[in-house]
Amino acid sequence: MFTIQQIQAITGARWLQQADNCTIQHLLLDSRRVMFAETSVFFALPGSTYNGHDFLPNLYRLGVRNFLISNEVAVNVSAYAQANFLLVNDTLLALQQVAAAHRRQFTLPVLGITGSNGKTVVKEWLYQLLWQDYHIVRSPKSYNSQVGVPLSVWQTNETHNLAIFEAGISQPHEMERLQAVIQPTIGLFTNIGAAHNEGFTGMEQKILEKLQLFSRVQNLIYCADYSLITQCIEQCRQLYPEQYRFTALAWVKNTLPGKQICPNNEVVLQTHAQKTDTQTQIEIHYLNQPAFNITIPFIDDASVENSIHCCLFMLHLGYAPQVIARRMAQLAPVEMRLELRAGINNCSIINDAYNSDIQSLAIALDFLEHQRQHGGKSVILSDIQESGELPEALYGKVAQLLREKKVEQFTGIGQGLTSVKHLFYGINASFYPNTAEFLNRSPGFYNQAILVKGARQFAFEKIVRALSQKVHSTVLEINLNAIAHNLKVYKSLLQPATKVMVMVKSLSYGSGSYEIANILQLNKADYLSVAYTDEGVALREAGITLPTMVMNPNPDSFNALVRNKLEPEIYSLGHLQRFVEYLRHSPVGVTFPYPVHIKLDTGMHRLGFDEADLVPLRETLGNNPWIRVVSVFSHLAASDDPQYDDFSEQQIHRFNKMFSFLVPALPAGVLRHLLNSSGIARFGGVAQMDMVRLGLGLYGVDTTNNIQHLLANVSTLKTHVSQVKTVSAAETVGYSRKGVLHRNSRIATVGIGYADGLNRRLGNGCGSMWIRGKLAPVIGNICMDMCMLDVTDVEGVEEGDEVIVFGAQLPVQQLARWLGTIPYEIFTGISGRVKRVYFQE
C-alpha cells in the first residue's frame, strides 16, 4: 500500500490541492461501489458514455477524500476543502502505474495467461488444483482488461506465494501496458481465435500483440498445434532476442496411444485423448518420464485443451503424476456469474455457491447492495480456505465488509468462522459447524435478499435448492451484463447531453420488472416508462427511484400515480382536464406544479393530440399552476423500414412544427423525444432531440439490422429433455397423430408447452430447438406442458440434456420468422410460470 504522497511520486502527478497524507488501501473507479471511503483513492476515468469527473460531488459526500483527475477545468477543487487532488494527463495510465509499483514489491512467481478463449477457466481450474498447497492471488471473475488487470494485481499481499492473472486485449498497444502491470514470470497462451479480430489487421498481428505479455517471462506454456502461434513465437525470438528469452514448454495433441514420439527442444508433453459419454481420459507423455493417464469429467474439446494446459503447469511445478491425476478427476465446472432467482417466503436468492474468497466476496456484496426489493439483506458464507491470513485478520475484513454494506443478517458456516464469531459485532449473526447442521436448524428467512456464497466443498448448492422456489425445468435466463452493454451501445450513438428513457412496460418485454429497472437505475438511465400505473407502483415499492412515465394512466389510478410520484402521459384534452381536476382536489402533500408528459399524434394514430387540438391545448397549458410539462413527444410509425422514410421525415417535420406552436405555453428546459430503438439506429443524427426512448433494442434485438452485431443477447429460454425413445416409421407422434414419421426415429420429449408461452404454430416441423450443437425440429402438435423433438440426426441426446428454445445460438428473430410475427410477441408471451433467473458475470 502507498500513501497519497507516494502515489503522487509514482504517477508524476501535479498537486492541485494537498490535505492529509493518508494511506491508500483501495483503488476506486465507480461511485456506486464505495466501501472504504477514507482509505480509497478515486481515479476519474473518462469514457464514451460516462466521465468519472462528473461523480466527484457524490463521492465527496460519501467520504472519499483522495482523487486523481485529468481535467482541471472540470473540477473546482476549492469546493472540496478536505480532499487531496492530483492532476495527471491520463488517469488510466496512472492507475496502471500505481498497480505496477505495487507489483514490484513482491517476488512471488506470477503466471500470466492470455489467449482468445479459456483464460478464466484455466485460471479457476488452477486454483481448484493448487489451493491446498499455495496461497494464491488471482484475477476476480474475468478481470482481464486495461482496468481489471490493475485491480487484480492490487490484491497481492505478503501472504501470497503464487499469483495467477489473466490479460485480454481488443486493440494494439494494450498488452504492453498490461505486461508492465502483471510482470509475469511464467506465461500461458491458451489458443487463438476470432474474438476481437476487428481491432487488428489480421490474426498474426493479434498473436504478436498478445505475445508482448511474455516478453520477460522465464517459461512459456502453449499448444504447438496452433502453428501460427508457434511461428509468431519464433519471430519474436529472432527479432527481439533480449526480451523473449524464455524456455518454451510446448505440448501437442493426438499422439498415438501408448507411443511417445521423440520430443524436440520445444515439445515437452504429448497427449492422446479418448472420450466416453461423460468423461475424457488423456494419456500424458512428459519429457522422458513414464506415461500416465488423467481423467476429467468433461468431454468437450475446449475442456480437454484447458485441462492439458493445467496439467503441464502442474508438472512444471513438480507435482507427481498421481497427485495430478487425483485432482484432475475432481475438476468442477467454472461458474463465473452471480445468479439471481426467486426464493421462498418472498425472498430473492443470489447464488454464488461455488467459490469463496475475500476478493469475490466484495464483488458479490456490491451486487447484494443494489437489491432493494425486500426488507433486508442477508449473507450465508462458508469458511474461506487457504487465504494465507490468520483467522482474526481475514474474518475481521469480512466483518468490516458486512458492516460497510449494512448487511442485517449473517450466517457463518464452518469451524473457522465459528471460532471468531466475536468479530461480527453489530450484525445479527449465527454460526453452524457445517452445511448439514444449517439445513437442520436454520430459523428461516422472510422478505430478504440473500447472498449464498461458499467454497465448493461446503456444497452450498443444497442451501440454494432449499431456499429457492420450486420450479420446473423451463427457465428464462436474463443476462444483466448484456442489458448494461446494450444500454451503453445505444448511448454511444447519442450526443452526450441526450437523455435516455427506457421502456420497462409489460414486465420489461417479458424479462421481469424490478430486476431490469434496477440494473438500469444502477447504469444511469435517465427515465423509465411503464404502460400502466400499477407497474410503476410495483417499481416504487421495490426501491426504484428513477423518474417514471406512465403511458396509459386511467383516471381511477390517479391517486396511486401521484402518491408514488409517477408522471402521466397526457394524450387528449379530456384526459388533461380530468388530471388537472384531480390535482385541484388532491390530498395535502402533493407538490405543485405536477410533472406531466404531452403526447402528440404525428401519424401513428394511436394516442396523442392532433393538430386541431393544439390551440385549446396551448390555452390550457399556459399559466396552469397545477401541472408542469417536462416533456413533449411523439412516436414514429415505421422507423425500422426504409421504404417509409419519407413518411418518417414527415412525422419529424410535423412534430417540430407542433412543438414550436406549443412553445409559448411550455416551461424552459422541456424535453423533446421522438425516437424509439429503431429510430435511434436510423435517425439519430437528425432527430435524437433531447431524449430518446429505448425499448426492444435494450433486450438485444435491432429490427433495422444496422447495429445488431453490436448488441449482446439478453434472454435465453431453455428447458431439458425429459425422455428419449426410439419410434418406428409406422408410428406417429403427439395429439391427433400429426407427427408422421418417415423413418425409424429418436424422439426427445422436452418440458415446455403452450402453457409456458411456446406458440403451437411452431409444431409439426415449423420450428426447431437447439440441442447438442444442432437444430432439432419440433414434431407433432405442441402439448400444454411439453413437446417432442426429432433428434434422429443429433448424436448422443439423452435425458437431462439442455435444450435452447431461443438465445444466442438460436436468435429470437428466427422464431419470429418461423411464426410470421415479431420478437415482441414472443418475449411478452412467455408465461409467468416460467421462472426468470437473472445473472451477472
# chains A, B, ... in the order shown; residues from 1 in each chain; ligands from 1

call {"tool": "residues_around", "arguments": {"residues": "Asp54 in chain A", "least_positions_apart": "6", "cutoff": "9 Å", "atoms": "only C-alpha atoms", "output": "list in words"}}
result
Ala44, Ala74 and Val75 of chain A

call {"tool": "closest_atom_pairs", "arguments": {"of": "range 668-775 of chain A", "to": "range 829-839 of chain A", "cutoff": "7 Å", "atoms": "only C-alpha atoms", "output": "Markdown table"}}
result
| residue | atom | partner | partner_atom | distance |
| --- | --- | --- | --- | --- |
| A:Ala755 | CA | A:Ser831 | CA | 6.7 |
| A:Asp756 | CA | A:Ser831 | CA | 4.7 |
| A:Gly757 | CA | A:Ile830 | CA | 4.3 |

call {"tool": "select_by_dssp", "arguments": {"residues": "range 231-326 of chain A", "states": "helix (DSSP H, G or I)", "output": "PDB file with all heavy atoms, in the first residue's frame"}}
result
ATOM      1  N   GLN A 231       4.836 -19.992 -35.024  1.00  0.00           N
ATOM      2  CA  GLN A 231       5.591 -19.141 -35.942  1.00  0.00           C
ATOM      3  C   GLN A 231       5.827 -17.753 -35.358  1.00  0.00           C
ATOM      4  O   GLN A 231       6.929 -17.198 -35.473  1.00  0.00           O
ATOM      5  CB  GLN A 231       4.838 -19.023 -37.270  1.00  0.00           C
ATOM      6  CG  GLN A 231       4.740 -20.320 -38.053  1.00  0.00           C
ATOM      7  CD  GLN A 231       3.799 -20.192 -39.247  1.00  0.00           C
ATOM      8  OE1 GLN A 231       3.534 -19.095 -39.729  1.00  0.00           O
ATOM      9  NE2 GLN A 231       3.275 -21.323 -39.709  1.00  0.00           N
ATOM     10  N   CYS A 232       4.810 -17.208 -34.713  1.00  0.00           N
ATOM     11  CA  CYS A 232       4.955 -15.868 -34.137  1.00  0.00           C
ATOM     12  C   CYS A 232       5.929 -15.874 -32.966  1.00  0.00           C
ATOM     13  O   CYS A 232       6.662 -14.893 -32.747  1.00  0.00           O
ATOM     14  CB  CYS A 232       3.584 -15.339 -33.701  1.00  0.00           C
ATOM     15  SG  CYS A 232       2.481 -14.910 -35.082  1.00  0.00           S
ATOM     16  N   ILE A 233       5.941 -16.956 -32.192  1.00  0.00           N
ATOM     17  CA  ILE A 233       6.910 -17.067 -31.097  1.00  0.00           C
ATOM     18  C   ILE A 233       8.327 -17.030 -31.657  1.00  0.00           C
ATOM     19  O   ILE A 233       9.210 -16.311 -31.147  1.00  0.00           O
ATOM     20  CB  ILE A 233       6.661 -18.358 -30.289  1.00  0.00           C
ATOM     21  CG1 ILE A 233       5.386 -18.218 -29.459  1.00  0.00           C
ATOM     22  CG2 ILE A 233       7.852 -18.671 -29.384  1.00  0.00           C
ATOM     23  CD1 ILE A 233       4.963 -19.497 -28.770  1.00  0.00           C
ATOM     24  N   GLU A 234       8.570 -17.787 -32.709  1.00  0.00           N
ATOM     25  CA  GLU A 234       9.909 -17.793 -33.328  1.00  0.00           C
ATOM     26  C   GLU A 234      10.266 -16.423 -33.887  1.00  0.00           C
ATOM     27  O   GLU A 234      11.406 -15.967 -33.794  1.00  0.00           O
ATOM     28  CB  GLU A 234       9.960 -18.850 -34.425  1.00  0.00           C
ATOM     29  CG  GLU A 234      10.154 -20.259 -33.915  1.00  0.00           C
ATOM     30  CD  GLU A 234      11.360 -20.358 -32.994  1.00  0.00           C
ATOM     31  OE1 GLU A 234      12.471 -19.919 -33.388  1.00  0.00           O
ATOM     32  OE2 GLU A 234      11.183 -20.826 -31.850  1.00  0.00           O
ATOM     33  N   GLN A 235       9.270 -15.753 -34.455  1.00  0.00           N
ATOM     34  CA  GLN A 235       9.506 -14.422 -34.994  1.00  0.00           C
ATOM     35  C   GLN A 235       9.925 -13.450 -33.885  1.00  0.00           C
ATOM     36  O   GLN A 235      10.860 -12.656 -34.052  1.00  0.00           O
ATOM     37  CB  GLN A 235       8.235 -13.913 -35.683  1.00  0.00           C
ATOM     38  CG  GLN A 235       8.371 -12.541 -36.328  1.00  0.00           C
ATOM     39  CD  GLN A 235       7.094 -12.127 -37.039  1.00  0.00           C
ATOM     40  OE1 GLN A 235       6.290 -12.961 -37.450  1.00  0.00           O
ATOM     41  NE2 GLN A 235       6.899 -10.821 -37.165  1.00  0.00           N
ATOM     42  N   CYS A 236       9.252 -13.513 -32.739  1.00  0.00           N
ATOM     43  CA  CYS A 236       9.603 -12.642 -31.613  1.00  0.00           C
ATOM     44  C   CYS A 236      11.014 -12.935 -31.112  1.00  0.00           C
ATOM     45  O   CYS A 236      11.785 -12.020 -30.806  1.00  0.00           O
ATOM     46  CB  CYS A 236       8.594 -12.819 -30.480  1.00  0.00           C
ATOM     47  SG  CYS A 236       6.973 -12.114 -30.813  1.00  0.00           S
ATOM     48  N   ARG A 237      11.351 -14.208 -31.028  1.00  0.00           N
ATOM     49  CA  ARG A 237      12.684 -14.585 -30.550  1.00  0.00           C
ATOM     50  C   ARG A 237      13.785 -14.066 -31.475  1.00  0.00           C
ATOM     51  O   ARG A 237      14.850 -13.631 -31.029  1.00  0.00           O
ATOM     52  CB  ARG A 237      12.782 -16.100 -30.428  1.00  0.00           C
ATOM     53  CG  ARG A 237      12.071 -16.667 -29.204  1.00  0.00           C
ATOM     54  CD  ARG A 237      11.971 -18.153 -29.343  1.00  0.00           C
ATOM     55  NE  ARG A 237      11.964 -18.830 -28.063  1.00  0.00           N
ATOM     56  CZ  ARG A 237      11.770 -20.127 -27.935  1.00  0.00           C
ATOM     57  NH1 ARG A 237      11.614 -20.881 -29.015  1.00  0.00           N
ATOM     58  NH2 ARG A 237      11.765 -20.681 -26.747  1.00  0.00           N
ATOM     59  N   GLN A 238      13.518 -14.133 -32.770  1.00  0.00           N
ATOM     60  CA  GLN A 238      14.538 -13.709 -33.729  1.00  0.00           C
ATOM     61  C   GLN A 238      14.692 -12.192 -33.762  1.00  0.00           C
ATOM     62  O   GLN A 238      15.813 -11.670 -33.861  1.00  0.00           O
ATOM     63  CB  GLN A 238      14.187 -14.230 -35.119  1.00  0.00           C
ATOM     64  CG  GLN A 238      14.290 -15.751 -35.239  1.00  0.00           C
ATOM     65  CD  GLN A 238      13.791 -16.253 -36.589  1.00  0.00           C
ATOM     66  OE1 GLN A 238      13.552 -15.470 -37.500  1.00  0.00           O
ATOM     67  NE2 GLN A 238      13.616 -17.566 -36.703  1.00  0.00           N
ATOM     68  N   LEU A 239      13.561 -11.490 -33.667  1.00  0.00           N
ATOM     69  CA  LEU A 239      13.607 -10.034 -33.771  1.00  0.00           C
ATOM     70  C   LEU A 239      14.026  -9.375 -32.454  1.00  0.00           C
ATOM     71  O   LEU A 239      14.658  -8.319 -32.455  1.00  0.00           O
ATOM     72  CB  LEU A 239      12.242  -9.499 -34.217  1.00  0.00           C
ATOM     73  CG  LEU A 239      11.809  -9.844 -35.645  1.00  0.00           C
ATOM     74  CD1 LEU A 239      10.392  -9.329 -35.911  1.00  0.00           C
ATOM     75  CD2 LEU A 239      12.780  -9.242 -36.663  1.00  0.00           C
ATOM     76  N   ASP A 301     -14.054 -30.361 -26.416  1.00  0.00           N
ATOM     77  CA  ASP A 301     -12.657 -30.144 -26.818  1.00  0.00           C
ATOM     78  C   ASP A 301     -11.999 -29.011 -26.033  1.00  0.00           C
ATOM     79  O   ASP A 301     -10.816 -29.078 -25.702  1.00  0.00           O
ATOM     80  CB  ASP A 301     -12.588 -29.835 -28.314  1.00  0.00           C
ATOM     81  CG  ASP A 301     -12.943 -31.038 -29.170  1.00  0.00           C
ATOM     82  OD1 ASP A 301     -12.857 -32.170 -28.649  1.00  0.00           O
ATOM     83  OD2 ASP A 301     -13.316 -30.854 -30.340  1.00  0.00           O
ATOM     84  N   ALA A 302     -12.765 -27.940 -25.731  1.00  0.00           N
ATOM     85  CA  ALA A 302     -12.188 -26.816 -25.001  1.00  0.00           C
ATOM     86  C   ALA A 302     -11.729 -27.245 -23.610  1.00  0.00           C
ATOM     87  O   ALA A 302     -10.646 -26.853 -23.154  1.00  0.00           O
ATOM     88  CB  ALA A 302     -13.199 -25.675 -24.902  1.00  0.00           C
ATOM     89  N   SER A 303     -12.536 -28.064 -22.935  1.00  0.00           N
ATOM     90  CA  SER A 303     -12.158 -28.515 -21.590  1.00  0.00           C
ATOM     91  C   SER A 303     -10.943 -29.423 -21.641  1.00  0.00           C
ATOM     92  O   SER A 303     -10.085 -29.375 -20.746  1.00  0.00           O
ATOM     93  CB  SER A 303     -13.334 -29.246 -20.936  1.00  0.00           C
ATOM     94  OG  SER A 303     -14.392 -28.356 -20.645  1.00  0.00           O
ATOM     95  N   VAL A 304     -10.852 -30.254 -22.666  1.00  0.00           N
ATOM     96  CA  VAL A 304      -9.680 -31.120 -22.807  1.00  0.00           C
ATOM     97  C   VAL A 304      -8.429 -30.260 -22.957  1.00  0.00           C
ATOM     98  O   VAL A 304      -7.409 -30.477 -22.283  1.00  0.00           O
ATOM     99  CB  VAL A 304      -9.851 -32.073 -24.011  1.00  0.00           C
ATOM    100  CG1 VAL A 304      -8.553 -32.840 -24.274  1.00  0.00           C
ATOM    101  CG2 VAL A 304     -11.000 -33.043 -23.759  1.00  0.00           C
ATOM    102  N   GLU A 305      -8.502 -29.265 -23.812  1.00  0.00           N
ATOM    103  CA  GLU A 305      -7.345 -28.393 -24.031  1.00  0.00           C
ATOM    104  C   GLU A 305      -6.983 -27.625 -22.764  1.00  0.00           C
ATOM    105  O   GLU A 305      -5.811 -27.537 -22.379  1.00  0.00           O
ATOM    106  CB  GLU A 305      -7.656 -27.427 -25.175  1.00  0.00           C
ATOM    107  CG  GLU A 305      -6.489 -26.553 -25.585  1.00  0.00           C
ATOM    108  CD  GLU A 305      -6.811 -25.741 -26.837  1.00  0.00           C
ATOM    109  OE1 GLU A 305      -6.908 -26.339 -27.922  1.00  0.00           O
ATOM    110  OE2 GLU A 305      -6.959 -24.519 -26.701  1.00  0.00           O
ATOM    111  N   ASN A 306      -7.983 -27.075 -22.088  1.00  0.00           N
ATOM    112  CA  ASN A 306      -7.722 -26.321 -20.865  1.00  0.00           C
ATOM    113  C   ASN A 306      -7.098 -27.204 -19.787  1.00  0.00           C
ATOM    114  O   ASN A 306      -6.201 -26.772 -19.049  1.00  0.00           O
ATOM    115  CB  ASN A 306      -9.021 -25.704 -20.348  1.00  0.00           C
ATOM    116  CG  ASN A 306      -9.556 -24.608 -21.250  1.00  0.00           C
ATOM    117  OD1 ASN A 306      -8.805 -23.965 -21.984  1.00  0.00           O
ATOM    118  ND2 ASN A 306     -10.864 -24.390 -21.208  1.00  0.00           N
ATOM    119  N   SER A 307      -7.571 -28.440 -19.685  1.00  0.00           N
ATOM    120  CA  SER A 307      -7.036 -29.337 -18.650  1.00  0.00           C
ATOM    121  C   SER A 307      -5.578 -29.712 -18.931  1.00  0.00           C
ATOM    122  O   SER A 307      -4.776 -29.871 -17.998  1.00  0.00           O
ATOM    123  CB  SER A 307      -7.894 -30.597 -18.539  1.00  0.00           C
ATOM    124  OG  SER A 307      -7.798 -31.388 -19.705  1.00  0.00           O
ATOM    125  N   ILE A 308      -5.203 -29.837 -20.197  1.00  0.00           N
ATOM    126  CA  ILE A 308      -3.808 -30.166 -20.525  1.00  0.00           C
ATOM    127  C   ILE A 308      -2.894 -28.999 -20.193  1.00  0.00           C
ATOM    128  O   ILE A 308      -1.781 -29.178 -19.689  1.00  0.00           O
ATOM    129  CB  ILE A 308      -3.687 -30.590 -22.006  1.00  0.00           C
ATOM    130  CG1 ILE A 308      -4.480 -31.881 -22.256  1.00  0.00           C
ATOM    131  CG2 ILE A 308      -2.225 -30.806 -22.385  1.00  0.00           C
ATOM    132  CD1 ILE A 308      -4.588 -32.273 -23.716  1.00  0.00           C
ATOM    133  N   HIS A 309      -3.359 -27.770 -20.447  1.00  0.00           N
ATOM    134  CA  HIS A 309      -2.594 -26.599 -20.018  1.00  0.00           C
ATOM    135  C   HIS A 309      -2.335 -26.657 -18.513  1.00  0.00           C
ATOM    136  O   HIS A 309      -1.205 -26.427 -18.044  1.00  0.00           O
ATOM    137  CB  HIS A 309      -3.361 -25.314 -20.349  1.00  0.00           C
ATOM    138  CG  HIS A 309      -3.277 -24.887 -21.784  1.00  0.00           C
ATOM    139  ND1 HIS A 309      -2.088 -24.692 -22.432  1.00  0.00           N
ATOM    140  CD2 HIS A 309      -4.246 -24.583 -22.684  1.00  0.00           C
ATOM    141  CE1 HIS A 309      -2.325 -24.299 -23.685  1.00  0.00           C
ATOM    142  NE2 HIS A 309      -3.627 -24.220 -23.849  1.00  0.00           N
ATOM    143  N   CYS A 310      -3.376 -26.973 -17.753  1.00  0.00           N
ATOM    144  CA  CYS A 310      -3.237 -27.041 -16.295  1.00  0.00           C
ATOM    145  C   CYS A 310      -2.277 -28.162 -15.887  1.00  0.00           C
ATOM    146  O   CYS A 310      -1.455 -28.003 -14.979  1.00  0.00           O
ATOM    147  CB  CYS A 310      -4.602 -27.260 -15.646  1.00  0.00           C
ATOM    148  SG  CYS A 310      -5.755 -25.885 -15.822  1.00  0.00           S
ATOM    149  N   CYS A 311      -2.397 -29.308 -16.558  1.00  0.00           N
ATOM    150  CA  CYS A 311      -1.546 -30.451 -16.250  1.00  0.00           C
ATOM    151  C   CYS A 311      -0.079 -30.105 -16.467  1.00  0.00           C
ATOM    152  O   CYS A 311       0.788 -30.404 -15.620  1.00  0.00           O
ATOM    153  CB  CYS A 311      -1.952 -31.652 -17.105  1.00  0.00           C
ATOM    154  SG  CYS A 311      -0.946 -33.125 -16.856  1.00  0.00           S
ATOM    155  N   LEU A 312       0.221 -29.452 -17.573  1.00  0.00           N
ATOM    156  CA  LEU A 312       1.605 -29.101 -17.862  1.00  0.00           C
ATOM    157  C   LEU A 312       2.140 -28.093 -16.845  1.00  0.00           C
ATOM    158  O   LEU A 312       3.296 -28.176 -16.416  1.00  0.00           O
ATOM    159  CB  LEU A 312       1.726 -28.551 -19.284  1.00  0.00           C
ATOM    160  CG  LEU A 312       3.138 -28.179 -19.765  1.00  0.00           C
ATOM    161  CD1 LEU A 312       4.144 -29.280 -19.506  1.00  0.00           C
ATOM    162  CD2 LEU A 312       3.106 -27.832 -21.254  1.00  0.00           C
ATOM    163  N   PHE A 313       1.326 -27.155 -16.431  1.00  0.00           N
ATOM    164  CA  PHE A 313       1.766 -26.202 -15.416  1.00  0.00           C
ATOM    165  C   PHE A 313       2.077 -26.918 -14.105  1.00  0.00           C
ATOM    166  O   PHE A 313       3.078 -26.630 -13.434  1.00  0.00           O
ATOM    167  CB  PHE A 313       0.706 -25.130 -15.191  1.00  0.00           C
ATOM    168  CG  PHE A 313       1.114 -24.058 -14.214  1.00  0.00           C
ATOM    169  CD1 PHE A 313       2.117 -23.160 -14.527  1.00  0.00           C
ATOM    170  CD2 PHE A 313       0.497 -23.947 -12.974  1.00  0.00           C
ATOM    171  CE1 PHE A 313       2.506 -22.169 -13.630  1.00  0.00           C
ATOM    172  CE2 PHE A 313       0.879 -22.971 -12.070  1.00  0.00           C
ATOM    173  CZ  PHE A 313       1.886 -22.077 -12.398  1.00  0.00           C
ATOM    174  N   MET A 314       1.236 -27.889 -13.736  1.00  0.00           N
ATOM    175  CA  MET A 314       1.487 -28.635 -12.501  1.00  0.00           C
ATOM    176  C   MET A 314       2.763 -29.473 -12.616  1.00  0.00           C
ATOM    177  O   MET A 314       3.546 -29.567 -11.658  1.00  0.00           O
ATOM    178  CB  MET A 314       0.292 -29.527 -12.179  1.00  0.00           C
ATOM    179  CG  MET A 314      -0.972 -28.766 -11.805  1.00  0.00           C
ATOM    180  SD  MET A 314      -2.338 -29.860 -11.358  1.00  0.00           S
ATOM    181  CE  MET A 314      -1.831 -30.414  -9.719  1.00  0.00           C
ATOM    182  N   LEU A 315       2.981 -30.067 -13.771  1.00  0.00           N
ATOM    183  CA  LEU A 315       4.220 -30.819 -13.968  1.00  0.00           C
ATOM    184  C   LEU A 315       5.433 -29.904 -13.847  1.00  0.00           C
ATOM    185  O   LEU A 315       6.458 -30.261 -13.256  1.00  0.00           O
ATOM    186  CB  LEU A 315       4.200 -31.507 -15.330  1.00  0.00           C
ATOM    187  CG  LEU A 315       3.271 -32.732 -15.454  1.00  0.00           C
ATOM    188  CD1 LEU A 315       3.079 -33.102 -16.915  1.00  0.00           C
ATOM    189  CD2 LEU A 315       3.838 -33.917 -14.669  1.00  0.00           C
ATOM    190  N   HIS A 316       5.296 -28.703 -14.403  1.00  0.00           N
ATOM    191  CA  HIS A 316       6.398 -27.741 -14.320  1.00  0.00           C
ATOM    192  C   HIS A 316       6.685 -27.364 -12.865  1.00  0.00           C
ATOM    193  O   HIS A 316       7.836 -27.134 -12.493  1.00  0.00           O
ATOM    194  CB  HIS A 316       6.058 -26.504 -15.141  1.00  0.00           C
ATOM    195  CG  HIS A 316       7.063 -25.399 -15.025  1.00  0.00           C
ATOM    196  ND1 HIS A 316       8.339 -25.494 -15.538  1.00  0.00           N
ATOM    197  CD2 HIS A 316       6.976 -24.168 -14.439  1.00  0.00           C
ATOM    198  CE1 HIS A 316       9.000 -24.381 -15.281  1.00  0.00           C
ATOM    199  NE2 HIS A 316       8.205 -23.565 -14.617  1.00  0.00           N
ATOM    200  N   LEU A 317       5.642 -27.318 -12.041  1.00  0.00           N
ATOM    201  CA  LEU A 317       5.825 -27.004 -10.627  1.00  0.00           C
ATOM    202  C   LEU A 317       6.382 -28.178  -9.834  1.00  0.00           C
ATOM    203  O   LEU A 317       6.743 -28.022  -8.662  1.00  0.00           O
ATOM    204  CB  LEU A 317       4.499 -26.558  -9.997  1.00  0.00           C
ATOM    205  CG  LEU A 317       3.919 -25.209 -10.451  1.00  0.00           C
ATOM    206  CD1 LEU A 317       2.600 -24.943  -9.744  1.00  0.00           C
ATOM    207  CD2 LEU A 317       4.890 -24.071 -10.207  1.00  0.00           C
ATOM    208  N   PRO A 321       2.668 -37.318 -10.897  1.00  0.00           N
ATOM    209  CA  PRO A 321       1.539 -37.689 -11.759  1.00  0.00           C
ATOM    210  C   PRO A 321       0.314 -38.180 -10.991  1.00  0.00           C
ATOM    211  O   PRO A 321      -0.820 -37.859 -11.371  1.00  0.00           O
ATOM    212  CB  PRO A 321       2.135 -38.792 -12.638  1.00  0.00           C
ATOM    213  CG  PRO A 321       3.588 -38.458 -12.713  1.00  0.00           C
ATOM    214  CD  PRO A 321       3.930 -37.918 -11.359  1.00  0.00           C
ATOM    215  N   GLN A 322       0.526 -38.952  -9.912  1.00  0.00           N
ATOM    216  CA  GLN A 322      -0.629 -39.482  -9.200  1.00  0.00           C
ATOM    217  C   GLN A 322      -1.433 -38.371  -8.508  1.00  0.00           C
ATOM    218  O   GLN A 322      -2.665 -38.450  -8.410  1.00  0.00           O
ATOM    219  CB  GLN A 322      -0.210 -40.554  -8.187  1.00  0.00           C
ATOM    220  CG  GLN A 322       0.766 -40.105  -7.106  1.00  0.00           C
ATOM    221  CD  GLN A 322       2.213 -40.319  -7.508  1.00  0.00           C
ATOM    222  OE1 GLN A 322       2.543 -40.298  -8.707  1.00  0.00           O
ATOM    223  NE2 GLN A 322       3.081 -40.554  -6.525  1.00  0.00           N
ATOM    224  N   VAL A 323      -0.733 -37.330  -8.046  1.00  0.00           N
ATOM    225  CA  VAL A 323      -1.435 -36.194  -7.442  1.00  0.00           C
ATOM    226  C   VAL A 323      -2.219 -35.442  -8.517  1.00  0.00           C
ATOM    227  O   VAL A 323      -3.379 -35.062  -8.320  1.00  0.00           O
ATOM    228  CB  VAL A 323      -0.434 -35.258  -6.739  1.00  0.00           C
ATOM    229  CG1 VAL A 323      -1.150 -34.010  -6.208  1.00  0.00           C
ATOM    230  CG2 VAL A 323       0.272 -35.991  -5.611  1.00  0.00           C
ATOM    231  N   ILE A 324      -1.589 -35.226  -9.654  1.00  0.00           N
ATOM    232  CA  ILE A 324      -2.260 -34.542 -10.759  1.00  0.00           C
ATOM    233  C   ILE A 324      -3.504 -35.313 -11.174  1.00  0.00           C
ATOM    234  O   ILE A 324      -4.591 -34.742 -11.349  1.00  0.00           O
ATOM    235  CB  ILE A 324      -1.298 -34.369 -11.955  1.00  0.00           C
ATOM    236  CG1 ILE A 324      -0.123 -33.470 -11.571  1.00  0.00           C
ATOM    237  CG2 ILE A 324      -2.039 -33.794 -13.161  1.00  0.00           C
ATOM    238  CD1 ILE A 324       0.958 -33.377 -12.631  1.00  0.00           C
ATOM    239  N   ALA A 325      -3.366 -36.625 -11.341  1.00  0.00           N
ATOM    240  CA  ALA A 325      -4.493 -37.445 -11.781  1.00  0.00           C
ATOM    241  C   ALA A 325      -5.643 -37.380 -10.772  1.00  0.00           C
ATOM    242  O   ALA A 325      -6.819 -37.273 -11.158  1.00  0.00           O
ATOM    243  CB  ALA A 325      -4.034 -38.889 -11.979  1.00  0.00           C
ATOM    244  N   ARG A 326      -5.321 -37.459  -9.489  1.00  0.00           N
ATOM    245  CA  ARG A 326      -6.367 -37.443  -8.465  1.00  0.00           C
ATOM    246  C   ARG A 326      -7.126 -36.116  -8.472  1.00  0.00           C
ATOM    247  O   ARG A 326      -8.356 -36.076  -8.387  1.00  0.00           O
ATOM    248  CB  ARG A 326      -5.753 -37.703  -7.090  1.00  0.00           C
ATOM    249  CG  ARG A 326      -6.786 -37.769  -5.965  1.00  0.00           C
ATOM    250  CD  ARG A 326      -6.175 -38.177  -4.642  1.00  0.00           C
ATOM    251  NE  ARG A 326      -5.264 -37.153  -4.110  1.00  0.00           N
ATOM    252  CZ  ARG A 326      -3.950 -37.273  -4.066  1.00  0.00           C
ATOM    253  NH1 ARG A 326      -3.361 -38.381  -4.515  1.00  0.00           N
ATOM    254  NH2 ARG A 326      -3.206 -36.304  -3.566  1.00  0.00           N
TER     255      ARG A 326
END

call {"tool": "atom_distance", "arguments": {"atom1": "CA of Met604 in chain A", "atom2": "CA of Leu573 in chain A"}}
result
18.1 Å

call {"tool": "residues_around", "arguments": {"residues": "range 693-701 of chain A", "least_positions_apart": "6", "cutoff": "7 Å", "atoms": "only C-alpha atoms", "output": "list in words"}}
result
Ile483, Asn486, Leu487, Val500, Met501, Val502, Met503, Leu675, Asn676, Ser677, Gln708, Leu711, Ala712, Asn713 and Val714 of chain A

call {"tool": "residues_around", "arguments": {"residues": "Gln415 in chain A", "least_positions_apart": "3", "cutoff": "12 Å", "atoms": "only C-alpha atoms", "output": "list in words"}}
result
Leu381, Ser382, Asp383, Ile384, Gln385, Pro391, Gly412, Thr418, Ser419, Val420, Lys421, Phe431, Tyr432, Pro433, Asn434, Thr435 and Phe458 of chain A
